[in-house]
2 protein chains.
Amino acid sequence: MARAATTSDVFNAAAEPRRREILVFLLDSERPVSEIVDKLGLDQPSVSKHLRVLRDVGLVRVRRNGRHKLYQTRADGIKPLHEWSSLFERYWSHQLLRVKERAENMARTAKPSTGKP
Amino acid sequence: MARAATTSDVFNAAAEPRRREILVFLLDSERPVSEIVDKLGLDQPSVSKHLRVLRDVGLVRVRRNGRHKLYQTRADGIKPLHEWSSLFERYWSHQLLRVKERAENMARTAKPSTGKP
DNA sequence: TTGACATATTCCCATATAGGCATGTAATGT
DNA sequence: ACATTACATGCCTATATGGGAATATGTCAA
């Protein structure tokens, strides 16, 4: 078998860097295709194809306005990604934690004399 | 051009459902390949190939122990996924966020189990 | 209607898969 | 040395892809 389709789920759809850029770009407000083309420097058919994939997995919504079609990111669609990656959160080396540990080690080793590495 | 290689980044490597299962399975402790094969019901060459991809993108570490090779997830490698998806967080509904927070608190206080269906 | 604009789709192609199967390699025990 | 265990890799194939170019569809304006 080949790789799963890009339209099979959010993980596959978001694996494409251009699509991730599009999703971020369309996060705050709806925008026509031409603006995506201009701002991201892709050619129009490519953008349309990426938007098709994103639409198929429910990551963008679309609305027609005259000749334009206005796309916007449906942020809720990203949740599965965020929730899955959150499973790993408690294993991350947290900066604050490491700072605290170092501080404690320094306090422990530095107590007897004056600064001993 | 074809799709980007699965080894090109975390997003592509984690797009495969089996690899995501493996990553979760190897999160708590290091385990030999045979155990992944048994628990996840995949055949051995498939697991080895998935582990190869995960290793190439730095999502697992490996250590030899006699005839066995012990793999474990490198949780830090998941961060880019989590950070990117966090860009969308402020557009999510608060209700679900609270549910998620409560689930996280429960997971934190409860003892982590090794069974992940 | 005709024409111009905006977006979508189709066709072609090089490339990278994931699965199944067979084989290769490394470490151990006898 | 040999057999066994544990894992890795090679080969094959069907399939899906993303880019480029060309073309189709859809909408408005004059």
# chains A, B, ... in the order shown; residues from 1 in each chain; ligands from 1
call {"tool": "residues_around", "arguments": {"residues": "DC12 in chain C", "least_positions_apart": "3", "cutoff": "12 Å", "atoms": "only C-alpha atoms (C1' of nucleotides)", "output": "ChimeraX atom specification"}}
result
/B:1 /D:19-22
call {"tool": "write_last_selection", "arguments": {"atoms": "N, CA and C atoms (P, O5', C5', C4', C3', O3' and C1' of nucleotides)", "output": "PDB file, in the first residue's frame"}}
result
ATOM      1  N   MET B   1       6.564  17.016  -8.314  1.00  0.00           N
ATOM      2  CA  MET B   1       7.234  16.393  -7.165  1.00  0.00           C
ATOM      3  C   MET B   1       6.270  15.549  -6.360  1.00  0.00           C
TER       4      MET B   1
ATOM      5  P    DG D  19       3.816  21.911  -4.183  1.00  0.00           P
ATOM      6  O5'  DG D  19       4.353  22.155  -5.659  1.00  0.00           O
ATOM      7  C5'  DG D  19       5.649  21.694  -6.010  1.00  0.00           C
ATOM      8  C4'  DG D  19       5.758  21.621  -7.515  1.00  0.00           C
ATOM      9  C3'  DG D  19       5.249  22.868  -8.241  1.00  0.00           C
ATOM     10  O3'  DG D  19       6.283  23.396  -9.050  1.00  0.00           O
ATOM     11  C1'  DG D  19       4.320  20.880  -9.181  1.00  0.00           C
ATOM     12  P    DG D  20       6.070  24.829  -9.705  1.00  0.00           P
ATOM     13  O5'  DG D  20       5.684  24.477 -11.216  1.00  0.00           O
ATOM     14  C5'  DG D  20       6.424  23.488 -11.909  1.00  0.00           C
ATOM     15  C4'  DG D  20       5.864  23.318 -13.322  1.00  0.00           C
ATOM     16  C3'  DG D  20       5.240  24.582 -13.907  1.00  0.00           C
ATOM     17  O3'  DG D  20       5.657  24.747 -15.258  1.00  0.00           O
ATOM     18  C1'  DG D  20       3.650  22.810 -13.896  1.00  0.00           C
ATOM     19  P    DA D  21       5.210  26.085 -16.046  1.00  0.00           P
ATOM     20  O5'  DA D  21       4.132  25.520 -17.075  1.00  0.00           O
ATOM     21  C5'  DA D  21       4.385  24.300 -17.751  1.00  0.00           C
ATOM     22  C4'  DA D  21       3.149  23.871 -18.520  1.00  0.00           C
ATOM     23  C3'  DA D  21       2.388  25.032 -19.166  1.00  0.00           C
ATOM     24  O3'  DA D  21       2.070  24.709 -20.510  1.00  0.00           O
ATOM     25  C1'  DA D  21       0.927  23.763 -17.791  1.00  0.00           C
ATOM     26  P    DA D  22       1.277  25.793 -21.438  1.00  0.00           P
ATOM     27  O5'  DA D  22      -0.189  25.155 -21.511  1.00  0.00           O
ATOM     28  C5'  DA D  22      -0.334  23.766 -21.780  1.00  0.00           C
ATOM     29  C4'  DA D  22      -1.777  23.347 -21.551  1.00  0.00           C
ATOM     30  C3'  DA D  22      -2.814  24.283 -22.185  1.00  0.00           C
ATOM     31  O3'  DA D  22      -3.703  23.537 -22.992  1.00  0.00           O
ATOM     32  C1'  DA D  22      -3.329  23.876 -19.900  1.00  0.00           C
TER      33       DA D  22
END
call {"tool": "select_by_dssp", "arguments": {"residues": "chain A", "states": "helix (DSSP H, G or I)", "output": "PyMOL selection string"}}
result
chain A and resi 10-13+17-25+33-40+44-56+75-86+89-91+95-110
call {"tool": "residues_around", "arguments": {"residues": "range 15-24 of chain A", "least_positions_apart": "2", "cutoff": "6 Å", "atoms": "only C-alpha atoms (C1' of nucleotides)", "output": "list in words"}}
result
Asn12, Ala13, Leu26, Leu27 and Thr73 of chain A; Phe11 and Asn12 of chain B
call {"tool": "calpha_fit_rmsd", "arguments": {"fixed": "chain B", "moving": "chain A"}}
result
13.0 Å
call {"tool": "closest_atom_pairs", "arguments": {"of": "chain C", "to": "chain A", "cutoff": "7 Å", "atoms": "only C-alpha atoms (C1' of nucleotides)", "output": "Markdown table"}}
result
| residue | atom | partner | partner_atom | distance |
| --- | --- | --- | --- | --- |
| C:DA6 | C1' | A:Arg67 | CA | 5.7 |
| C:DA8 | C1' | A:Ser48 | CA | 6.8 |
| C:DT17 | C1' | A:Ala2 | CA | 5.3 |
| C:DA18 | C1' | A:Met1 | CA | 5.0 |
| C:DG19 | C1' | A:Met1 | CA | 5.6 |
call {"tool": "closest_residue", "arguments": {"among": "B:Ser29, B:Ser93, B:Asp38, B:Thr7", "to": "chain A", "atoms": "only C-alpha atoms"}}
result
B:Ser93
call {"tool": "select_by_dssp", "arguments": {"residues": "chain A", "states": "strand (DSSP E)", "output": "VMD selection string"}}
result
chain A and resid 31 to 32 60 to 65 68 to 73
call {"tool": "interface_residues", "arguments": {"of": "chain D", "to": "chain A", "cutoff": "12 Å", "atoms": "only C-alpha atoms (C1' of nucleotides)", "output": "list of chain:residue names"}}
result
D:DC12, D:DT13, D:DA14, D:DT15, D:DA16, D:DT17, D:DG18, D:DG19, D:DG20, D:DA21, D:DA22, D:DT23, D:DT25, D:DG26, D:DT27, D:DC28, D:DA29
call {"tool": "residues_around", "arguments": {"residues": "Pro80 in chain B", "least_positions_apart": "4", "cutoff": "12 Å", "atoms": "only C-alpha atoms (C1' of nucleotides)", "output": "VMD selection string"}}
result
(chain A and resid 15 81 to 82 85 to 86 88 to 89 92) or (chain B and resid 9 to 12 14 57 59 75 to 76 84 to 87)
call {"tool": "atom_distance", "arguments": {"atom1": "CA of Asp56 in chain A", "atom2": "CA of Gly77 in chain B"}}
result
28.3 Å
call {"tool": "closest_residue", "arguments": {"among": "D:DA24, D:DC11, D:DA6, D:DA1", "to": "DT9 in chain C", "atoms": "only C-alpha atoms (C1' of nucleotides)"}}
result
D:DA24
call {"tool": "residues_around", "arguments": {"residues": "DA30 in chain D", "least_positions_apart": "2", "cutoff": "12 Å", "atoms": "only C-alpha atoms (C1' of nucleotides)", "output": "number ranges by chain"}}
result
C: 1-4; D: 28
call {"tool": "write_last_selection", "arguments": {"atoms": "C-alpha atoms (C1' of nucleotides)", "output": "PDB file, in the first residue's frame"}}
result
ATOM      1  C1'  DT C   1     -23.656  38.175 -25.464  1.00  0.00           C
ATOM      2  C1'  DT C   2     -19.085  39.046 -24.963  1.00  0.00           C
ATOM      3  C1'  DG C   3     -15.142  39.773 -22.273  1.00  0.00           C
ATOM      4  C1'  DA C   4     -12.473  40.006 -18.147  1.00  0.00           C
TER       5       DA C   4
ATOM      6  C1'  DC D  28     -19.914  39.953 -12.800  1.00  0.00           C
TER       7       DC D  28
END
call {"tool": "closest_residue", "arguments": {"among": "A:Gln95, A:Glu83, A:Val53, A:Arg74", "to": "Phe25 in chain A", "atoms": "only C-alpha atoms"}}
result
A:Arg74
call {"tool": "residues_around", "arguments": {"residues": "DG10 in chain D", "least_positions_apart": "3", "cutoff": "9 Å", "atoms": "only C-alpha atoms (C1' of nucleotides)", "output": "list in words"}}
result
DA22, DT23 and DG24 of chain C
